[in-house]
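Notes for the one structure printed next.
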Amino acid sequence: MTTVIDPAADAALKARHAAMWALGDYPKVARQLISGLGAELVAATRIGPGDRVLDVAAGPGNAAIPAALAGADVVASDLTPELVASGRAAAERAGAQLDWRVADAEALPFGGAEFDAVISCVGVMFAPFHERSAAEISRVTRPGGRLGLISWTPEGFIGQMFAVMKPYAAEPPPGATPPPLWGREEHVADLFGETFDDLTMERRTVAETFAGATDFRDFFKANYGPTIATYRFVGDDPERVAALDAALDALAAEHSDASGRMEWEYLLVTATRR
């Protein structure tokens, strides 16, 4: 059942959410760690010339820019104005032409059946009410159009990082669903099984290397909005800060080999609109 929220409370929640993703330097995270995922998603969704494409929660354009460079007519939407500005600048540097919009994934400002393909690369998974964003994706995708998603899995490193941070973070809004559930096959089938056919899901990994556990932790503390927000929430309690430091270090050490290499698991989803 779709969660019903007071409009004023929803607007305040989205303002806080946008502000969180403006913390630190998410474009640096996307550029240095997961830059290849966008092109992979574009290829898997078979995006090319003549396609009208929407990237939902596009961030700095990891998928939207490769889609535009592949010849598609692309709209990149994101809740955070700072990420839209960063993406627009990155697109100009890459010589890509696309339309950038500040927009809420749970209330997309587009007409029904407007797009040939709708994609999101570790983006829409962070919208708090999954049924609302999934319904909006279904609404704006034309019959026969394609869906392409990449989401971190609950069992993978990033999903486990959110589990480690949860006891130290602010409580989520009532009715919100944990982001990594977008990386669980059964959850995706529940969200899209009634509106999309040919639902294909494959778990893959992306390799990342850090000099050590502390290097990983410091990078995320400096650059990744959700991690920064979590540390700010416990910032007045040195013992909790130290405990969170230790928990993240332990997680990184557990998932790293002797060279500091990690495998981060994600779920690649493709489907065709019924």
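Quick note on naming: the chains in the structure tokens go A, B, ... in the order shown, residues restart at 1 in each chain, and ligands are numbered from 1 in order of appearance.
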7 Å contact set for A:Asp51, only C-alpha atoms, chain neighbours under 5 positions out, as a PyMOL selection string: chain A and resi 72-73+116
Suppose we keep N, CA, C and O atoms; can you now write the selection as a short mmCIF file (atom, residue, chain, number, x, y, z; two decimals), in the first residue's frame?
data_model
loop_
_atom_site.label_atom_id
_atom_site.label_comp_id
_atom_site.auth_asym_id
_atom_site.auth_seq_id
_atom_site.Cartn_x
_atom_site.Cartn_y
_atom_site.Cartn_z
N ALA A 72 20.91 9.51 -27.41
CA ALA A 72 19.55 9.63 -26.92
C ALA A 72 19.21 11.08 -26.56
O ALA A 72 20.09 11.90 -26.31
N ASP A 73 17.92 11.37 -26.55
CA ASP A 73 17.38 12.64 -26.06
C ASP A 73 17.09 12.44 -24.58
O ASP A 73 16.15 11.74 -24.20
N ASP A 116 10.87 6.56 -23.73
CA ASP A 116 11.17 5.24 -24.29
C ASP A 116 11.97 4.39 -23.31
O ASP A 116 11.94 3.16 -23.39
#
Residues within 8 Å of A:Pro128, only C-alpha atoms, excluding chain neighbours under 6 positions, as number ranges by chain: A: 173, 176-179
Write a file of the just-selected residues containing C-alpha atoms, as a JSON list (two decimals), in the first residue's frame.
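Writing the result to part.json gives the following:
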[["chain", "number", "residue", "atom", "x", "y", "z"],
["A", 173, "PRO", "CA", 10.44, 8.88, 8.43],
["A", 176, "ALA", "CA", 10.02, 4.69, 4.71],
["A", 177, "THR", "CA", 11.67, 1.57, 3.30],
["A", 178, "PRO", "CA", 15.44, 0.90, 3.55],
["A", 179, "PRO", "CA", 17.23, 1.88, 0.31]]
Atom CA of A:Phe157 to atom CA of A:Leu248: how many Å, to one decimal?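 Atom CA of A:Leu248 lies 10.7 Å from atom CA of A:Phe157.
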Near A:Trp21, counting only C-alpha atoms, which residues have an atom at most 8 Å away, once you skip same-chain residues fewer than 6 positions from it, shown as number ranges by chain? A: 80, 83, 224-226
Residues near A:Glu136, anyone? I mean within 8 Å using only C-alpha atoms, not counting same-chain ones fewer than 2 positions away, as a list in words. Ala105, Glu106, Ala107, Leu108, Arg132, Ser133, Ala134, Ser138, Arg139 and Val140 of chain A
If you keep all heavy atoms, can you produce a file of those selected residues as a PDB file, in the first residue's frame?
ATOM      1  N   ALA A 105      11.663  12.171  -7.330  1.00  0.00           N
ATOM      2  CA  ALA A 105      11.397  10.863  -7.924  1.00  0.00           C
ATOM      3  C   ALA A 105      10.014  10.344  -7.579  1.00  0.00           C
ATOM      4  O   ALA A 105       9.458   9.512  -8.310  1.00  0.00           O
ATOM      5  CB  ALA A 105      12.452   9.860  -7.469  1.00  0.00           C
ATOM      6  N   GLU A 106       9.440  10.825  -6.481  1.00  0.00           N
ATOM      7  CA  GLU A 106       8.127  10.354  -6.060  1.00  0.00           C
ATOM      8  C   GLU A 106       6.987  11.213  -6.606  1.00  0.00           C
ATOM      9  O   GLU A 106       5.811  10.923  -6.346  1.00  0.00           O
ATOM     10  CB  GLU A 106       8.076  10.322  -4.532  1.00  0.00           C
ATOM     11  CG  GLU A 106       9.077   9.323  -3.943  1.00  0.00           C
ATOM     12  CD  GLU A 106       9.152   9.370  -2.435  1.00  0.00           C
ATOM     13  OE1 GLU A 106       8.429  10.181  -1.822  1.00  0.00           O
ATOM     14  OE2 GLU A 106       9.936   8.594  -1.862  1.00  0.00           O
ATOM     15  N   ALA A 107       7.313  12.248  -7.368  1.00  0.00           N
ATOM     16  CA  ALA A 107       6.300  13.114  -7.997  1.00  0.00           C
ATOM     17  C   ALA A 107       6.925  13.724  -9.249  1.00  0.00           C
ATOM     18  O   ALA A 107       7.172  14.929  -9.315  1.00  0.00           O
ATOM     19  CB  ALA A 107       5.831  14.190  -7.028  1.00  0.00           C
ATOM     20  N   LEU A 108       7.181  12.894 -10.244  1.00  0.00           N
ATOM     21  CA  LEU A 108       7.896  13.339 -11.438  1.00  0.00           C
ATOM     22  C   LEU A 108       7.045  14.324 -12.247  1.00  0.00           C
ATOM     23  O   LEU A 108       5.864  14.069 -12.494  1.00  0.00           O
ATOM     24  CB  LEU A 108       8.261  12.137 -12.306  1.00  0.00           C
ATOM     25  CG  LEU A 108       9.280  11.174 -11.695  1.00  0.00           C
ATOM     26  CD1 LEU A 108       9.383   9.905 -12.539  1.00  0.00           C
ATOM     27  CD2 LEU A 108      10.648  11.836 -11.570  1.00  0.00           C
ATOM     28  N   ARG A 132       5.914   4.752  -4.237  1.00  0.00           N
ATOM     29  CA  ARG A 132       5.599   6.000  -4.932  1.00  0.00           C
ATOM     30  C   ARG A 132       6.542   6.218  -6.118  1.00  0.00           C
ATOM     31  O   ARG A 132       6.096   6.565  -7.230  1.00  0.00           O
ATOM     32  CB  ARG A 132       5.687   7.179  -3.964  1.00  0.00           C
ATOM     33  CG  ARG A 132       4.582   7.193  -2.925  1.00  0.00           C
ATOM     34  CD  ARG A 132       4.828   8.205  -1.818  1.00  0.00           C
ATOM     35  NE  ARG A 132       4.846   9.590  -2.312  1.00  0.00           N
ATOM     36  CZ  ARG A 132       5.042  10.639  -1.512  1.00  0.00           C
ATOM     37  NH1 ARG A 132       5.244  10.465  -0.214  1.00  0.00           N
ATOM     38  NH2 ARG A 132       5.047  11.861  -2.013  1.00  0.00           N
ATOM     39  N   SER A 133       7.828   6.034  -5.908  1.00  0.00           N
ATOM     40  CA  SER A 133       8.771   6.248  -7.011  1.00  0.00           C
ATOM     41  C   SER A 133       8.616   5.180  -8.083  1.00  0.00           C
ATOM     42  O   SER A 133       8.711   5.472  -9.283  1.00  0.00           O
ATOM     43  CB  SER A 133      10.202   6.310  -6.489  1.00  0.00           C
ATOM     44  OG  SER A 133      10.493   5.226  -5.644  1.00  0.00           O
ATOM     45  N   ALA A 134       8.340   3.928  -7.693  1.00  0.00           N
ATOM     46  CA  ALA A 134       8.124   2.880  -8.687  1.00  0.00           C
ATOM     47  C   ALA A 134       6.874   3.169  -9.516  1.00  0.00           C
ATOM     48  O   ALA A 134       6.860   2.959 -10.740  1.00  0.00           O
ATOM     49  CB  ALA A 134       8.003   1.520  -8.000  1.00  0.00           C
ATOM     50  N   SER A 138       6.751   3.741 -13.571  1.00  0.00           N
ATOM     51  CA  SER A 138       5.819   3.006 -14.432  1.00  0.00           C
ATOM     52  C   SER A 138       4.940   3.964 -15.232  1.00  0.00           C
ATOM     53  O   SER A 138       4.686   3.743 -16.424  1.00  0.00           O
ATOM     54  CB  SER A 138       4.946   2.077 -13.582  1.00  0.00           C
ATOM     55  OG  SER A 138       5.730   1.103 -12.920  1.00  0.00           O
ATOM     56  N   ARG A 139       4.498   5.035 -14.593  1.00  0.00           N
ATOM     57  CA  ARG A 139       3.600   5.989 -15.248  1.00  0.00           C
ATOM     58  C   ARG A 139       4.244   6.671 -16.442  1.00  0.00           C
ATOM     59  O   ARG A 139       3.611   6.838 -17.494  1.00  0.00           O
ATOM     60  CB  ARG A 139       3.136   7.040 -14.224  1.00  0.00           C
ATOM     61  CG  ARG A 139       2.182   8.085 -14.794  1.00  0.00           C
ATOM     62  CD  ARG A 139       1.807   9.124 -13.751  1.00  0.00           C
ATOM     63  NE  ARG A 139       2.947   9.938 -13.324  1.00  0.00           N
ATOM     64  CZ  ARG A 139       3.413  10.987 -13.997  1.00  0.00           C
ATOM     65  NH1 ARG A 139       2.878  11.337 -15.169  1.00  0.00           N
ATOM     66  NH2 ARG A 139       4.445  11.683 -13.536  1.00  0.00           N
ATOM     67  N   VAL A 140       5.510   7.071 -16.323  1.00  0.00           N
ATOM     68  CA  VAL A 140       6.120   7.886 -17.377  1.00  0.00           C
ATOM     69  C   VAL A 140       6.774   7.043 -18.473  1.00  0.00           C
ATOM     70  O   VAL A 140       7.223   7.592 -19.483  1.00  0.00           O
ATOM     71  CB  VAL A 140       7.147   8.875 -16.792  1.00  0.00           C
ATOM     72  CG1 VAL A 140       6.490   9.796 -15.776  1.00  0.00           C
ATOM     73  CG2 VAL A 140       8.345   8.157 -16.193  1.00  0.00           C
TER      74      VAL A 140
END
For the strand (DSSP E or B) assignment from backbone DSSP, which residues of stretch 93-209 of chain A qualify? Please present them as number ranges by chain. A: 99-102, 104, 107, 115-121, 141-152, 196-209
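Inside stretch 91-164 of chain A, the residues DSSP reads as helix (DSSP H, G or I) when given the backbone are Ala91, Glu92, Arg93, Ala94, Val124, Met125, Phe126, His130, Glu131, Arg132, Ser133, Ala134, Ala135, Glu136, Ile137, Ser138, Arg139, Val140, Phe157, Ile158, Gly159, Gln160, Met161, Phe162, Ala163 and Val164 of chain A.
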File of the preceding selection, N, CA and C atoms, as a compact mmCIF listing (two decimals), in the first residue's frame:
# COMPACT_ATOMS: atom_id res chain seq x y z
N ALA A 91 28.38 17.55 -17.98
CA ALA A 91 27.88 17.30 -19.33
C ALA A 91 28.53 18.26 -20.32
N GLU A 92 28.68 19.51 -19.93
CA GLU A 92 29.32 20.49 -20.81
C GLU A 92 30.76 20.10 -21.09
N ARG A 93 31.47 19.64 -20.06
CA ARG A 93 32.86 19.21 -20.25
C ARG A 93 32.95 18.01 -21.18
N ALA A 94 31.95 17.13 -21.11
CA ALA A 94 31.95 15.92 -21.94
C ALA A 94 31.40 16.16 -23.34
N VAL A 124 17.45 6.24 -7.51
CA VAL A 124 16.07 6.19 -7.03
C VAL A 124 15.92 5.31 -5.80
N MET A 125 16.85 4.40 -5.58
CA MET A 125 16.78 3.54 -4.40
C MET A 125 16.76 4.34 -3.10
N PHE A 126 17.24 5.60 -3.13
CA PHE A 126 17.31 6.40 -1.92
C PHE A 126 16.07 7.27 -1.71
N HIS A 130 9.26 3.67 -1.62
CA HIS A 130 9.57 2.94 -2.85
C HIS A 130 8.36 2.79 -3.76
N GLU A 131 7.20 2.55 -3.18
CA GLU A 131 6.02 2.34 -4.03
C GLU A 131 5.69 3.59 -4.83
N ARG A 132 5.91 4.75 -4.24
CA ARG A 132 5.60 6.00 -4.93
C ARG A 132 6.54 6.22 -6.12
N SER A 133 7.83 6.03 -5.91
CA SER A 133 8.77 6.25 -7.01
C SER A 133 8.62 5.18 -8.08
N ALA A 134 8.34 3.93 -7.69
CA ALA A 134 8.12 2.88 -8.69
C ALA A 134 6.87 3.17 -9.52
N ALA A 135 5.82 3.66 -8.87
CA ALA A 135 4.60 4.00 -9.60
C ALA A 135 4.85 5.14 -10.59
N GLU A 136 5.68 6.11 -10.19
CA GLU A 136 6.00 7.22 -11.09
C GLU A 136 6.83 6.74 -12.28
N ILE A 137 7.78 5.86 -12.03
CA ILE A 137 8.56 5.29 -13.14
C ILE A 137 7.65 4.56 -14.11
N SER A 138 6.75 3.74 -13.57
CA SER A 138 5.82 3.01 -14.43
C SER A 138 4.94 3.96 -15.23
N ARG A 139 4.50 5.04 -14.59
CA ARG A 139 3.60 5.99 -15.25
C ARG A 139 4.24 6.67 -16.44
N VAL A 140 5.51 7.07 -16.32
CA VAL A 140 6.12 7.89 -17.38
C VAL A 140 6.77 7.04 -18.47
N PHE A 157 28.58 -4.76 0.07
CA PHE A 157 29.32 -3.88 0.97
C PHE A 157 28.57 -2.60 1.30
N ILE A 158 28.01 -1.92 0.30
CA ILE A 158 27.32 -0.65 0.58
C ILE A 158 26.06 -0.90 1.39
N GLY A 159 25.32 -1.97 1.07
CA GLY A 159 24.16 -2.31 1.89
C GLY A 159 24.55 -2.58 3.32
N GLN A 160 25.66 -3.27 3.53
CA GLN A 160 26.14 -3.53 4.88
C GLN A 160 26.63 -2.26 5.56
N MET A 161 27.18 -1.33 4.78
CA MET A 161 27.60 -0.05 5.36
C MET A 161 26.40 0.70 5.94
N PHE A 162 25.28 0.69 5.20
CA PHE A 162 24.08 1.34 5.74
C PHE A 162 23.57 0.63 6.98
N ALA A 163 23.69 -0.69 7.02
CA ALA A 163 23.29 -1.42 8.22
C ALA A 163 24.17 -1.05 9.41
N VAL A 164 25.46 -0.89 9.17
CA VAL A 164 26.38 -0.50 10.24
C VAL A 164 26.07 0.92 10.74
From the set A:Ala39, A:Ala76, A:Val241, A:Ala222, which residue has the shortest atom-to-atom contact distance to A:Val118, counting only C-alpha atoms? A:Ala76
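With distances restricted to only C-alpha atoms, A:Asp55 is the closest residue to A:Arg101 from A:Glu186, A:Glu254, A:Glu239, A:Asp55.
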Gap from atom CA of A:Ala89 to atom CA of A:Leu69 - Å, one decimal: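 The value is 14.8 Å.
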